[in-house]
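Asker: Okay, handing you the structure first.
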Amino acid sequence: MKSLFLTALVFLLSTFVLSARLPHQAVAQVQDEQVIDLSVATDEAEATGEAETASPSADVEQKIQEQTDNDITERTGPQRSRLTTYLTENPPAELSWHNFLQHAIYSAVTNGLSANIVVLLILFPVITSVIAAFRHLIGLRGFGVYAPAVLSVALASTGITTGLIVFFIVLMTALIFRSLTRKLRLQYLPRTAMLLWGVSLVVLLLMIFSAMYEMTFFMAISIFPLLIIMLLTENFIETQLMSSQSQAVRLTIETVLIAIVGSLIIGSETLQRTVILNPEATILGVAVINILVGKYAGLRFLEYFRFESILER
Amino acid sequence: MPAAKDILGLNSRNQLFVSLNPASSRSFASSKYATKLLLDSKDIPVAKIFGLLATNEDVNDFDWFSLKNNFVIKPTNGSAGKGIVAFKKQLPDGKHWLDVLDKTWSIDDILFHCYDILDGQYSTWGAQHNIIVEERIITHPTIAKYCQKGTPDLRVIVFNSVPVMAMLRLPTEESEGRANLHQGAIGAGVDMTTGVTTHAITGKGKSIQYLPGTKKKLNGIKIPNWKDYLLTAVQAAEAAHLKFSGIDLFISEDRGPLVVELNANPGLSIQLANEAGLRRRLERVADLQVQNPEHGVRIGRSLFATIYADKIISQEGLAVVNPKEKIIVYSDAKERIEVPALLHTGRFRSAISYSLAQDLGLLDPEDLLWFQREKREGMAPVVETTIKIKDRKINTAMVVSKRLNKTKHKMEIGRRDLAGFLIGTSQ
């Protein structure tokens, strides 16, 4: 109980110190950015043009904008126009049995549907198949299918390094808060709420801190990848409870490894372009791969090492 | 050394074998208490349960004074042996008990300990904290000396009512008294024919020769009354309708095998401890028609013998035998009969002539193990046979061949039973 109060106190104090040191201009800038971000939805060229003015805050703004532009999970920005342009430059051939979906996508995108969403929806099952293959062919388990899949998308959005740093910080916070809240002997849900309370506070601190030092790669993180990363800690803690610390660490590392591969797949522009021009083949191919992987009854790659001592050479 | 296709991996275990278990029996395997009730109702030996206590009232109402000796109080969902107290006996005053660490407990001490368990003091997970009061198992002294802490047990993999592989699991300091390999216990592979340990591994799968910190060898440990353990394992699997399972048995001093737990997803490290592939063994018994548990045990014991060639050679040296040798064969009534035999390395499994097998009384329907294809004869029965070559007694399975009725030699001994022999013409 005492330690919890202490943590809360430390937190309050540090916010106080931080807010005192934070220049008002920067605070205003954060608000500005929010407004601009929304206005970008209508015209992105204007925003980048304006950002070229030399004030330091405009510089920050520009960097954030650049990062958002490269984020495939954003519905707006040049990334969108890149894919859309690519699609319009490669119109589908005459309607036939093998390109009906491509036609549908083409007309939907010309009518204003985000090409990014289309690509993500086609790539997401690809990611989940890759995760399934990782488990059944290689032997990396991770926390099921869902956690690595959404983490892939989150990492694709934040950038791998940034995402991993945030993940690590969040995980450490969750571990510390778990041992703190354990002493309170709370029921399960209030205890989890308490944990997320702590994690949210630390992330908030981190954001404020990064704004202070103009660490734009943190400032550009949007809320959903952040939430996904925070929720993953629950998986970790549950495993730690049910089996063991080493098992939890192992599964977390596996999850992160798989998610990195997943985010590389989502982020690959070549792949994005390939699937948007060949949606039928991708979707069918993924289904076939799933069935093949699901029927595979041989040894997994890592099992060859596990049973190395008894395998005949 | 098994090939990759002979080894059971997670994919093949889950897809090809676990899936054969009916859903109803999988639920049995997940609840220790339900397992005990089921097995008890079928007269399969289990550790006796004196009580299952869920509330403080249950604890107060329980007749503690009736517990005279050897009982254990444990939380249902504890781990690492937390909260478990084992008692040796009640003191003569009838109001105090002595635990295994020679500490004296009053009735109040016991009640308080139980309240603590119900409060979740010793549980690492779950919200429902119950107490089991059960019989304290005293491990058979031949096994107990390999274990300072916790209770060792025997894991038997049963498939299609045939015991196919077994492992003795010894808890260690590292595993904190638990018998699970992944928590650090030692696993020793057991020869299916004799019940003697062959090779041991640590929880991490590394080979190990001696019990850590001692000079006690981990191979050569003989499990007493081996057949009873296999039989109980098969009976337990049949009672729960588990087609593929891992049965855990305590090795008790006075009552022999006691079923602890049934696993519908047994672990795969048992293969490392036995240096053998489980998938091949499972496939070999998959199609056999097993009439009853005894039949299943006989099949398992004769099919999955470990070949001791190296051991025999190092202990006794190579014995030179003639290609045509008179050997001793034992009848069903254990009489010794000398017959001319051909030591024939061209065949794998030994064969015995139909008429000789009949004379020896080996052809009773209950002695029949299975049928297998014999060259030029079609399907031939396989029976359990005991022979003696040069003072070495070999218990094996032989094909019953009608072709050998006409030849001079009445038996052909195959490679499988010739380990440790040198065949030559000069003596």
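To be explicit about the labels: the chains of the structure tokens are called A, B, and onward in the order shown, and within each one the residues are counted from 1, while ligands get numbers from 1 in the order they are shown.
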At most 8 Å is the cut-off: for each residue in chain B with any atom that close to an atom of chain A, write down the nearest atom pair and the distance in Å rounded to one decimal, counting only C-alpha atoms, chain first then increasing number, as a Markdown table.
Answerer:
```
| residue | atom | partner | partner_atom | distance |
| --- | --- | --- | --- | --- |
| B:Met1 | CA | A:Glu312 | CA | 4.9 |
| B:Pro2 | CA | A:Leu311 | CA | 5.5 |
| B:Ala3 | CA | A:Glu312 | CA | 5.4 |
| B:Ala4 | CA | A:Leu311 | CA | 6.4 |
| B:Lys5 | CA | A:Gly298 | CA | 6.9 |
| B:Ile7 | CA | A:Leu299 | CA | 7.6 |
| B:Leu8 | CA | A:Leu299 | CA | 7.4 |
| B:Gly9 | CA | A:Leu299 | CA | 5.2 |
| B:Leu10 | CA | A:Leu299 | CA | 7.4 |
| B:Asn11 | CA | A:Ala297 | CA | 4.9 |
| B:Ser12 | CA | A:Ala297 | CA | 4.5 |
| B:Gln15 | CA | A:Ala297 | CA | 6.9 |
| B:Leu16 | CA | A:Ala297 | CA | 7.7 |
| B:Thr124 | CA | A:Leu241 | CA | 7.1 |
| B:Trp125 | CA | A:Leu241 | CA | 6.7 |
| B:Gly205 | CA | A:Arg306 | CA | 7.8 |
| B:Leu272 | CA | A:Ile310 | CA | 6.5 |
| B:Glu275 | CA | A:Ile310 | CA | 5.4 |
| B:Ala276 | CA | A:Ile310 | CA | 6.9 |
```
Asker: Kindly export the residues of the current selection with C-alpha atoms, as a PDB file, in the first residue's frame.
Answerer:
```pdb
ATOM      1  CA  MET B   1      18.310 -44.311 -33.440  1.00  0.00           C
ATOM      2  CA  PRO B   2      14.913 -43.382 -34.851  1.00  0.00           C
ATOM      3  CA  ALA B   3      14.439 -41.483 -38.119  1.00  0.00           C
ATOM      4  CA  ALA B   4      12.572 -38.165 -38.165  1.00  0.00           C
ATOM      5  CA  LYS B   5       9.391 -39.840 -39.355  1.00  0.00           C
ATOM      6  CA  ILE B   7       9.448 -39.340 -33.820  1.00  0.00           C
ATOM      7  CA  LEU B   8       6.218 -37.947 -32.460  1.00  0.00           C
ATOM      8  CA  GLY B   9       6.181 -34.151 -32.760  1.00  0.00           C
ATOM      9  CA  LEU B  10       3.517 -31.747 -31.547  1.00  0.00           C
ATOM     10  CA  ASN B  11       1.843 -31.690 -34.971  1.00  0.00           C
ATOM     11  CA  SER B  12       1.502 -35.438 -35.275  1.00  0.00           C
ATOM     12  CA  GLN B  15      -3.510 -34.246 -35.267  1.00  0.00           C
ATOM     13  CA  LEU B  16      -3.171 -38.006 -35.434  1.00  0.00           C
ATOM     14  CA  THR B 124      -0.765 -19.258  -7.381  1.00  0.00           C
ATOM     15  CA  TRP B 125      -3.789 -19.061  -9.636  1.00  0.00           C
ATOM     16  CA  GLY B 205      16.571 -32.962 -22.269  1.00  0.00           C
ATOM     17  CA  LEU B 272      14.477 -38.534 -25.331  1.00  0.00           C
ATOM     18  CA  GLU B 275      16.108 -42.821 -27.022  1.00  0.00           C
ATOM     19  CA  ALA B 276      13.250 -44.080 -29.161  1.00  0.00           C
TER      20      ALA B 276
END
```
Asker: Would you mind writing down, as a PyMOL selection string, each residue of range 208-410 of chain B that DSSP on the backbone assigns to strand (DSSP E)?
Answerer: chain B and resi 208+244-252+256-263+319-321+324-330+336-343+351-353+368-374+378-389+392-401
Asker: Counting only C-alpha atoms, figure out which residue out of B:Tyr210, B:Phe250, B:Trp64, B:Tyr33 gets nearest to Pro45 in chain B.
Answerer: B:Phe250
Asker: From the set B:Ala286, B:Leu98, B:Val190, B:Ile328, which residue has the shortest atom-to-atom contact distance to Asn395 in chain B, counting only C-alpha atoms?
Answerer: B:Ile328
Asker: From a DSSP pass on the backbone, collect the residues of range 139-300 of chain B flagged as alpha helix (DSSP H) and hand them back as a ChimeraX atom specification.
Answerer: /B:141-144,226-239,270-274,278-285,293-300
Asker: At a cut-off of 9 Å, using only C-alpha atoms, what residues contact range 190-200 of chain A? Leave out same-chain residues fewer than 6 positions from it and give the result as a ChimeraX atom specification.
Answerer: /A:8,170-171,173-175,177-178,181-182,184,230-231,234
Asker: Output the selection as a tab-separated table (two decimals), in the first residue's frame - N, CA, C and O atoms for each residue.
Answerer:
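The file below, again-v7.tsv, is the result:
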```
chain	number	residue	atom	x	y	z
A	8	ALA	N	2.54	6.85	-6.82
A	8	ALA	CA	1.61	7.88	-7.25
A	8	ALA	C	2.21	9.26	-7.00
A	8	ALA	O	2.13	10.16	-7.84
A	170	VAL	N	6.57	-0.43	-21.76
A	170	VAL	CA	5.25	-0.80	-21.26
A	170	VAL	C	5.32	-2.11	-20.47
A	170	VAL	O	4.74	-2.26	-19.39
A	171	LEU	N	6.09	-3.06	-20.99
A	171	LEU	CA	6.20	-4.36	-20.34
A	171	LEU	C	6.85	-4.23	-18.95
A	171	LEU	O	6.36	-4.78	-17.96
A	173	THR	N	6.93	-1.59	-17.09
A	173	THR	CA	5.98	-0.91	-16.21
A	173	THR	C	4.94	-1.90	-15.70
A	173	THR	O	4.62	-1.93	-14.51
A	174	ALA	N	4.43	-2.72	-16.62
A	174	ALA	CA	3.39	-3.68	-16.22
A	174	ALA	C	3.93	-4.63	-15.16
A	174	ALA	O	3.24	-4.95	-14.18
A	175	LEU	N	5.17	-5.06	-15.33
A	175	LEU	CA	5.75	-6.00	-14.36
A	175	LEU	C	5.89	-5.34	-13.00
A	175	LEU	O	5.55	-5.93	-11.97
A	177	PHE	N	4.24	-2.75	-11.87
A	177	PHE	CA	2.93	-2.49	-11.27
A	177	PHE	C	2.25	-3.76	-10.81
A	177	PHE	O	1.47	-3.75	-9.87
A	178	ARG	N	2.55	-4.86	-11.47
A	178	ARG	CA	1.94	-6.11	-11.03
A	178	ARG	C	2.44	-6.48	-9.63
A	178	ARG	O	1.67	-6.84	-8.76
A	181	THR	N	0.79	-4.06	-7.17
A	181	THR	CA	-0.64	-4.24	-6.88
A	181	THR	C	-0.91	-5.58	-6.22
A	181	THR	O	-1.96	-5.77	-5.61
A	182	ARG	N	0.03	-6.52	-6.34
A	182	ARG	CA	-0.20	-7.83	-5.73
A	182	ARG	C	-0.38	-7.69	-4.22
A	182	ARG	O	-1.17	-8.38	-3.61
A	184	LEU	N	-1.77	-5.40	-2.68
A	184	LEU	CA	-3.09	-4.86	-2.32
A	184	LEU	C	-4.13	-5.95	-2.20
A	184	LEU	O	-5.21	-5.72	-1.65
A	230	MET	N	-0.17	-2.03	-25.27
A	230	MET	CA	-0.50	-2.10	-23.85
A	230	MET	C	-1.28	-3.38	-23.52
A	230	MET	O	-1.08	-3.99	-22.48
A	231	LEU	N	-2.17	-3.77	-24.43
A	231	LEU	CA	-2.98	-4.97	-24.15
A	231	LEU	C	-2.13	-6.24	-24.19
A	231	LEU	O	-2.44	-7.22	-23.53
A	234	GLU	N	-1.02	-7.89	-21.02
A	234	GLU	CA	-1.92	-8.77	-20.28
A	234	GLU	C	-1.62	-10.24	-20.61
A	234	GLU	O	-1.60	-11.09	-19.73
```
